[in-house]
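**Student:** Could you have a look at this structure, given as structure tokens, before my questions?
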Amino acid sequence: MRSLLLAVLAAYLIAAIHSILAFVNKRRSLQRVAEWSTAAGFILHTCALAADWVIDGHYPLFSLREALSFLAWALVALYSLVLYRYRTQAVGAFTMPLVSVLTLVALLFGTNSTNAPAAFSATWLFPIHTTLLIFAYAAFFIVFMASVMYLLQERELKLKTFGATFHRLPSLTTVNDIATSSATLGLTLLTLGIATGVIWSSIRFGRFWRNDPKEIFALLTWGLYFFLTIYRLTAHWRGRSAAWLGVVGFALVLLTFLGTRFLGSYHVFG
Amino acid sequence: MSILLVGVNHKTAPVEIRERLAFTDEACANGLRQLVDGEIVREGLIVSTCNRVEILGATSNDQLEFGAGRIAQFLDTSGSLPAGFLNAHIYRHTNEEAVRHLFRVASSLDSMVVGEPQVLGQVRHAYALGVEAGTVGRVLNRLVHHTFKVAKRVRNETGIAANAVSISYMAVELGKKIFDTLKGCSVLLIGAGEMAELSARHLVNAGAARVTIANRTEETARQIANEFGATTIRLDQIDQVLHETDVIICSTGAPDYIVTEEQTRKALARRRNRPTCFIDISVPRNIDPAVSNIPNVFVFDIDDLESVISSNIREREREAERAELIVQSEVMQFQQKLRLMDIGPSIGALKQNMQDVARAEMAKQRKRLGVLTREQEEAIESLLMSTVNKISHPLISQMRRFYESNETDSED
């Protein structure tokens with residue numbers, strides 16, 4: 001499956017480069033190339049994941065390598081949604097490079113050495129748990145990115161320094177809307193993800209809470225995004241502070257996703 | 001055929017000269033009929049706007065110099081200026097240069113404000129006048145249509161006209177940066193100056209739903225209000241509408257602040273922190289600069305607007321560089337077209353000649369064939385013609401190729 005993933009990486013790289021060029025040069029033709037290669041990469045990636053599933057015989061989301069690849073795939077899916085809904089091309093210039101990096105790292109990890117214990121693949125609840133969470137992380141990345149765009153744009157408007165990004169970023173309302181809807185989506189996914197995890201854990205081990213670092217961080221993350229989403233939705237609170245929270249929240253997401261590996265979590269996989 | 005362009009523009013001639021040369025639509029038609037004699041100047045077109053008067057002509061290759069002189073002379077007489085008076089102001093472009101100049105003009109690269117959209121309409125109008133006068137022929141027709149294509153390409157593929165460069169349009173631009181769309185936005189004009197009115201007009205055109213005007217003298221306010229279907233309020237009623245306003249344009253002559261920080265804070269709390277955009281074009285300023293400290297409120301004074309404009313001009317200039325590349329490649333393409341047009345008639349003549357020869361030979365031998373049915377006659381005719389075509393085709397391709405390479409050589 002390496003060769004297929006290589007093709008995926010190539011498509012994503014082309015998309016990333018053209019997105020950045022389109023962002024800098026504001027050319028529609030470049031954007032079109034970016035969108036087509038994103039689509040091609042996504043289809044190939046879907047095939048690669050399906051092939052992994054068939055060949056390895058378990059849901060392709062267990063080891064870190066698989067998690068990274070799956071995350072890249074989820075990011076592309078959400079990015080496509082944002083692009084379709086808001087027609088903001090600038091998003092690609094921020095998302096596709098990350099997607100490319102994730103795919104590259106997944107490739108560098110080489111082939112699967114750790115095979116999932118039967119316990120994990122036996123029940124359908126576990127794959128649902130992980131899938132929901134990966135999509136939640138991807139949604140939080142979109143929140144993060146929209147928040148950064150908001151902060152950049154707002155800064156320029158407030159300080160009246162109208163640089164090159166001023167002409168290229170989407171409007172404040174648009175990025176605010178993207179952040180709000182992604183935060184809502186992310187929170188919903190996170191809630192369901194945690195819920196399925198808890199249910200799975202209590203079925204499998206007879207207890208739903210194990211004081212695992214990852215669980216604690218996940219709960220913190222949930223709290224933060226709950227706060228953020230509620231406030232965003234009630235619209236009393238928006239703009240800068242909400243954007244900052246979107247940035248801080250993502251740091252927590254990163255810590256939950258990767259950092260807890262170093263804190264001796266039993267959530268050894270992604 | 002050669003293309004000629006002679007004229008003056010805002011860079012080469014002051015308005016005193018341009019206004020004497022400017023053509024009305026009527027004068028344009030008469031002038032064209034007078035200028036285009038079918039001998040030296042075969043085709044003609046006059047582009048006359050407030051910033052330029054340019055005459056485009058087509059002549060045969062060997063009468064290029066002569067044609068240019070004639071057009072210059074025509075400009076002298078039509079402006080009732082002494083002969084040679086314009087020499088210091090006039091530019092004469094021929095062939096490639098003329099084509100490039102026209103492309104640049106229509107793409108608004110040669111305009112006073114790069115990217116302004118009117119000039120293309122003016123070129124279109126000039127073309128219509130030329131067609132009406134019957135002075136636009138094969139060459140200029142092609143050229144003008146290609147020009148429209150280039151202008152369209154430049155507008156679509158570059159952001160040359162993307163960013164506002166006038167104060168009055170700035171409200172729309174900044175509003176869009178904040179609200180994405182101005183559809184449904186409500187606007188408050190504080191003070192009813194000319195600039196504020198113009199800004200409001202742009203905002204309404206961009207979709208703003210409601211305009212309110214607060215002015216010291218209600219009479220003026222009402223006059224403008226009628227134009228927009230706006231409502232008027234007194235200056236001391238601003239508090240009542242501030243919370244439901246998205247864009248505020250302030251332009252009174254008042255010596256102190258009309259909108260204060262505290263007022264705005266209250267309004268913003270009432271509008272649940274939805275962003276608000278203040279545009280203050282009055283000097284001294286009418287909106288307390290401290291208003292800018294409130295989150296989700298954006299205040300732009302006259303200097304800020306100027307700085308956005310200069311940033312936008314820089315952006316347009318960057319885009320203009322890309323437009324120049326498009327123009328360059330289109331000039332090359334058009335030159336090639338033109339060359340093919342030149343060779344066209346000789347190719348037609350050659351083909352005709354070959355067909356005549358074939359028919360003549362056939363006529364000579366016809367008797368020997370005896371009586372033929374109509375079908376057989378047609379078969380022989382088509383056989384001859386297809387033979388002629390098959391023989392002439394590689395020859396013609398060769399000619400075209402030779403012609404092109406030859407032309408390029410002679411240009412070097």
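Chain identifiers are assigned as A, B, and so on, following the order in which chains appear in the structure tokens; residues are numbered from 1 within each chain, and ligands are numbered from 1 in order of appearance.
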Would you kindly report the residues of chain B within 9 Å of chain A, using only C-alpha atoms, as a PyMOL selection string?

**Tutor:** chain B and resi 156-159+163+174+176-181+269+271-275+292-293+295-300+304-305+307-308+311-312+315+319

**Student:** Please build the interface table for range 54-111 of chain B against range 323-330 of chain B with a cut-off of 7 Å, listing for each qualifying residue the nearest atom pair and the distance in Å to one decimal; count only C-alpha atoms, order rows by chain and increasing number, and write it as a tab-separated table.

**Tutor:**
```
residue	atom	partner	partner_atom	distance
B:Arg100	CA	B:Val327	CA	6.8
B:Phe103	CA	B:Val327	CA	6.5
B:Arg104	CA	B:Val327	CA	6.9
```

**Student:** Give me the residues near range 352-358 of chain B as a PDB file with N, CA and C atoms, in the first residue's frame, where near means some atom within 9 Å (using only C-alpha atoms) and where sequence neighbours in that chain fewer than 5 positions away do not count.

**Tutor:**
```
ATOM      1  N   ILE B 347      -2.903  33.263 -50.893  1.00  0.00           N
ATOM      2  CA  ILE B 347      -3.213  31.833 -50.885  1.00  0.00           C
ATOM      3  C   ILE B 347      -4.471  31.574 -51.703  1.00  0.00           C
ATOM      4  N   ALA B 363     -10.971  20.832 -70.080  1.00  0.00           N
ATOM      5  CA  ALA B 363     -11.762  21.289 -71.222  1.00  0.00           C
ATOM      6  C   ALA B 363     -11.092  20.858 -72.529  1.00  0.00           C
ATOM      7  N   LEU B 384     -10.802  16.330 -59.966  1.00  0.00           N
ATOM      8  CA  LEU B 384      -9.853  17.403 -60.270  1.00  0.00           C
ATOM      9  C   LEU B 384      -9.638  18.306 -59.057  1.00  0.00           C
ATOM     10  N   MET B 385     -10.768  18.690 -58.440  1.00  0.00           N
ATOM     11  CA  MET B 385     -10.657  19.643 -57.333  1.00  0.00           C
ATOM     12  C   MET B 385      -9.925  19.036 -56.140  1.00  0.00           C
ATOM     13  N   VAL B 388      -6.293  19.020 -56.887  1.00  0.00           N
ATOM     14  CA  VAL B 388      -5.729  20.366 -56.702  1.00  0.00           C
ATOM     15  C   VAL B 388      -5.526  20.647 -55.218  1.00  0.00           C
ATOM     16  N   ASN B 389      -6.552  20.334 -54.429  1.00  0.00           N
ATOM     17  CA  ASN B 389      -6.448  20.607 -52.996  1.00  0.00           C
ATOM     18  C   ASN B 389      -5.316  19.825 -52.356  1.00  0.00           C
ATOM     19  N   SER B 392      -2.062  21.312 -53.447  1.00  0.00           N
ATOM     20  CA  SER B 392      -1.770  22.667 -52.949  1.00  0.00           C
ATOM     21  C   SER B 392      -1.617  22.716 -51.429  1.00  0.00           C
TER      22      SER B 392
END
```

**Student:** With 9 Å as the cut-off and only C-alpha atoms counted, what is the closest atom pair between each nearby residue of range 38-89 of chain A and range 127-135 of chain A? Distances in Å to one decimal, ordered by chain and number, as JSON lines.

**Tutor:**
```
{"residue": "A:Tyr59", "atom": "CA", "partner": "A:Pro127", "partner_atom": "CA", "distance": 6.6}
{"residue": "A:Pro60", "atom": "CA", "partner": "A:Pro127", "partner_atom": "CA", "distance": 8.7}
{"residue": "A:Leu61", "atom": "CA", "partner": "A:Thr130", "partner_atom": "CA", "distance": 7.1}
{"residue": "A:Phe62", "atom": "CA", "partner": "A:Thr130", "partner_atom": "CA", "distance": 8.2}
{"residue": "A:Ala67", "atom": "CA", "partner": "A:Ile134", "partner_atom": "CA", "distance": 7.6}
{"residue": "A:Phe70", "atom": "CA", "partner": "A:Ile134", "partner_atom": "CA", "distance": 7.4}
{"residue": "A:Leu71", "atom": "CA", "partner": "A:Ile134", "partner_atom": "CA", "distance": 5.8}
{"residue": "A:Ala74", "atom": "CA", "partner": "A:Phe135", "partner_atom": "CA", "distance": 5.7}
{"residue": "A:Leu75", "atom": "CA", "partner": "A:Phe135", "partner_atom": "CA", "distance": 7.6}
{"residue": "A:Leu78", "atom": "CA", "partner": "A:Phe135", "partner_atom": "CA", "distance": 8.3}
```

**Student:** Please save C-alpha atoms of the selected residues as a PDB file, in the first residue's frame.

**Tutor:**
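Result saved to part.pdb:
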```pdb
ATOM      1  CA  TYR A  59     -10.159  -1.107  10.773  1.00  0.00           C
ATOM      2  CA  PRO A  60      -7.289   1.107   9.550  1.00  0.00           C
ATOM      3  CA  LEU A  61      -7.162   3.257  12.631  1.00  0.00           C
ATOM      4  CA  PHE A  62      -5.091   1.773  15.376  1.00  0.00           C
ATOM      5  CA  ALA A  67      -4.034   7.505  12.979  1.00  0.00           C
ATOM      6  CA  PHE A  70      -6.628   8.779   8.875  1.00  0.00           C
ATOM      7  CA  LEU A  71      -6.362  12.265  10.344  1.00  0.00           C
ATOM      8  CA  ALA A  74     -10.448  13.471   7.760  1.00  0.00           C
ATOM      9  CA  LEU A  75      -8.847  16.909   7.349  1.00  0.00           C
ATOM     10  CA  LEU A  78     -13.592  18.671   6.339  1.00  0.00           C
TER      11      LEU A  78
END
```

**Student:** Run DSSP on the backbone of this structure and report the residues of range 273-337 of chain B it assigns to strand (DSSP E), as a list in words.

**Tutor:**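 Selection result, strand (DSSP E) within range 273-337 of chain B: Thr276, Cys277, Phe278, Ile279, Asp280, Val297, Phe298, Val299, Phe300 and Asp301 of chain B.
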
**Student:** For those residues, write N, CA and C atoms to a file as a PDB file, in the first residue's frame.

**Tutor:**
```
ATOM      1  N   THR B 276     -19.128  46.323  14.337  1.00  0.00           N
ATOM      2  CA  THR B 276     -19.583  47.611  13.827  1.00  0.00           C
ATOM      3  C   THR B 276     -18.415  48.307  13.154  1.00  0.00           C
ATOM      4  N   CYS B 277     -18.702  48.957  12.059  1.00  0.00           N
ATOM      5  CA  CYS B 277     -17.638  49.635  11.320  1.00  0.00           C
ATOM      6  C   CYS B 277     -17.916  51.124  11.258  1.00  0.00           C
ATOM      7  N   PHE B 278     -17.000  51.915  11.831  1.00  0.00           N
ATOM      8  CA  PHE B 278     -17.133  53.370  11.788  1.00  0.00           C
ATOM      9  C   PHE B 278     -16.189  53.931  10.740  1.00  0.00           C
ATOM     10  N   ILE B 279     -16.710  54.781   9.885  1.00  0.00           N
ATOM     11  CA  ILE B 279     -15.835  55.463   8.937  1.00  0.00           C
ATOM     12  C   ILE B 279     -15.981  56.951   9.172  1.00  0.00           C
ATOM     13  N   ASP B 280     -14.883  57.546   9.589  1.00  0.00           N
ATOM     14  CA  ASP B 280     -14.919  58.945   9.997  1.00  0.00           C
ATOM     15  C   ASP B 280     -14.108  59.766   8.998  1.00  0.00           C
ATOM     16  N   VAL B 297     -15.268  46.497  17.309  1.00  0.00           N
ATOM     17  CA  VAL B 297     -15.586  47.788  16.694  1.00  0.00           C
ATOM     18  C   VAL B 297     -14.365  48.227  15.893  1.00  0.00           C
ATOM     19  N   PHE B 298     -14.595  48.648  14.674  1.00  0.00           N
ATOM     20  CA  PHE B 298     -13.492  49.063  13.815  1.00  0.00           C
ATOM     21  C   PHE B 298     -13.712  50.496  13.388  1.00  0.00           C
ATOM     22  N   VAL B 299     -12.729  51.333  13.691  1.00  0.00           N
ATOM     23  CA  VAL B 299     -12.861  52.748  13.370  1.00  0.00           C
ATOM     24  C   VAL B 299     -11.783  53.132  12.367  1.00  0.00           C
ATOM     25  N   PHE B 300     -12.197  53.785  11.307  1.00  0.00           N
ATOM     26  CA  PHE B 300     -11.227  54.246  10.312  1.00  0.00           C
ATOM     27  C   PHE B 300     -11.380  55.743  10.134  1.00  0.00           C
ATOM     28  N   ASP B 301     -10.297  56.484  10.379  1.00  0.00           N
ATOM     29  CA  ASP B 301     -10.364  57.913  10.103  1.00  0.00           C
ATOM     30  C   ASP B 301      -9.791  58.166   8.705  1.00  0.00           C
TER      31      ASP B 301
END
```

**Student:** So that I can see what lies close to Val131 in chain B, please list as a ChimeraX atom specification the residues with an atom at most 12 Å from it, counting only C-alpha atoms and leaving out residues fewer than 3 positions away in the same chain.

**Tutor:** /B:28-29,32-33,43-46,124-128,134-138,140-141,144

**Student:** Residues of range 165-300 of chain B in alpha helix (DSSP H) according to DSSP, as a PyMOL selection string?

**Tutor:** chain B and resi 167-179+194-205+218-228+238-242+261-270

**Student:** Identify which of the residues A:Asn176, A:Val91, A:Ala251, A:Ile199 lies closest to Leu224 in chain A, counting only C-alpha atoms when measuring atom-to-atom distances.

**Tutor:**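 Of the candidates, the smallest distance to Leu224 in chain A is held by A:Ala251.
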
**Student:** Closest to Arg314 in chain B among B:Val114, B:Thr220, B:Gln263, B:Ala151, using only C-alpha atoms?

**Tutor:**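 Using only C-alpha atoms, Arg314 in chain B sits closest to B:Val114.
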
**Student:** Out of B:Glu306, B:Phe334, B:Thr373, B:Leu189, which residue has the shortest atom-to-atom distance to Val99 in chain B when counting only C-alpha atoms?

**Tutor:**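 Among B:Glu306, B:Phe334, B:Thr373, B:Leu189, it is B:Phe334 that comes nearest to Val99 in chain B.
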
**Student:** Of the candidates B:Arg318, B:Arg20, B:Arg42, B:Lys390, which shows the shortest atom-to-atom distance to Ile160 in chain B, using only C-alpha atoms?

**Tutor:** B:Arg318

**Student:** Pick from B:Met195, B:Ile190, B:Val105, B:Ala68: nearest to Thr232 in chain B, with only C-alpha atoms counted?

**Tutor:** B:Ile190

**Student:** Find the residues around Glu96 in chain B up to 9 Å (only C-alpha atoms counted), leave out those fewer than 4 positions away in its own chain, and share them as a compact mmCIF listing (two decimals) with C-alpha atoms, in the first residue's frame.

**Tutor:**
```txt
# COMPACT_ATOMS: atom_id res chain seq x y z
CA ILE B 3 -1.50 49.14 -37.90
CA ARG B 100 0.30 46.70 -27.45
CA HIS B 101 -0.78 50.26 -26.76
CA VAL B 331 0.36 40.93 -28.74
CA MET B 332 2.45 38.06 -30.08
CA PHE B 334 -2.29 38.91 -32.63
CA GLN B 335 0.79 39.64 -34.71
```

**Student:** CA of Arg87 in chain A and CA of Ala242 in chain A are how many Å apart?

**Tutor:**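 Those two atoms sit 22.6 Å apart.
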
**Student:** Set the distance at 12 Å and use only C-alpha atoms: which residues neighbour Arg2 in chain A once local chain neighbours fewer than 2 positions away are removed? I'd like the list as a short mmCIF file (atom, residue, chain, number, x, y, z; two decimals) with C-alpha atoms, in the first residue's frame.

**Tutor:**
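See part15.cif below for the written result:
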```
data_model
loop_
_atom_site.label_atom_id
_atom_site.label_comp_id
_atom_site.auth_asym_id
_atom_site.auth_seq_id
_atom_site.Cartn_x
_atom_site.Cartn_y
_atom_site.Cartn_z
CA LEU A 4 -0.68 4.07 -3.26
CA LEU A 5 0.06 6.27 -0.28
CA LEU A 6 2.97 7.77 -2.23
CA ALA A 7 0.56 8.73 -4.98
CA VAL A 8 -1.72 10.24 -2.34
CA LEU A 9 1.19 12.23 -0.95
CA LEU A 44 -6.77 7.64 -3.79
CA HIS A 45 -6.51 8.03 -0.04
CA ALA A 48 -5.65 3.24 0.31
CA LEU A 49 -7.57 3.16 3.58
CA ALA A 51 -7.19 -1.53 0.93
CA ASP A 52 -5.48 -1.35 4.33
CA SER A 69 -3.01 8.90 7.77
CA THR A 103 0.73 11.86 5.04
CA LEU A 104 4.51 12.06 4.74
CA ALA A 106 2.58 8.26 8.01
CA LEU A 107 4.63 7.08 5.05
CA LEU A 108 7.90 7.34 6.97
CA PHE A 109 6.53 5.15 9.74
CA GLY A 110 6.72 2.31 7.30
CA THR A 111 4.49 -0.69 7.31
CA ASN A 112 2.34 -1.86 10.14
#
```

**Student:** Would you pick out the contacts of Asp239 in chain B at 10 Å or less, using only C-alpha atoms, so that residues sharing its chain but fewer than 3 positions from it are not included, and give the list as an MDAnalysis selection string?

**Tutor:** chainID B and resid 235:236 242:244 259 263:264 266:267

**Student:** So that I have them on file, write out the residues from the current selection with N, CA and C atoms, as a short mmCIF file (atom, residue, chain, number, x, y, z; two decimals), in the first residue's frame.

**Tutor:**
```cif
data_model
loop_
_atom_site.label_atom_id
_atom_site.label_comp_id
_atom_site.auth_asym_id
_atom_site.auth_seq_id
_atom_site.Cartn_x
_atom_site.Cartn_y
_atom_site.Cartn_z
N LEU B 235 -29.53 64.78 15.42
CA LEU B 235 -28.21 64.34 15.91
C LEU B 235 -28.30 63.75 17.31
N ASP B 236 -29.21 64.28 18.14
CA ASP B 236 -29.28 63.76 19.51
C ASP B 236 -30.05 62.43 19.60
N LEU B 242 -27.98 53.55 17.15
CA LEU B 242 -26.60 53.09 17.06
C LEU B 242 -26.49 51.57 17.17
N HIS B 243 -27.30 50.99 18.04
CA HIS B 243 -27.16 49.54 18.28
C HIS B 243 -27.66 48.70 17.11
N GLU B 244 -28.44 49.30 16.22
CA GLU B 244 -28.89 48.48 15.10
C GLU B 244 -28.21 48.88 13.79
N VAL B 259 -19.67 60.81 18.53
CA VAL B 259 -19.88 59.46 19.07
C VAL B 259 -18.76 59.18 20.07
N GLN B 263 -20.93 55.57 24.74
CA GLN B 263 -22.10 55.39 23.88
C GLN B 263 -21.97 54.10 23.07
N THR B 264 -20.79 53.93 22.49
CA THR B 264 -20.58 52.78 21.62
C THR B 264 -20.59 51.49 22.41
N LYS B 266 -22.23 50.79 25.07
CA LYS B 266 -23.62 50.45 25.37
C LYS B 266 -24.30 49.86 24.14
N ALA B 267 -24.09 50.54 23.02
CA ALA B 267 -24.73 50.08 21.78
C ALA B 267 -24.27 48.67 21.44
#
```
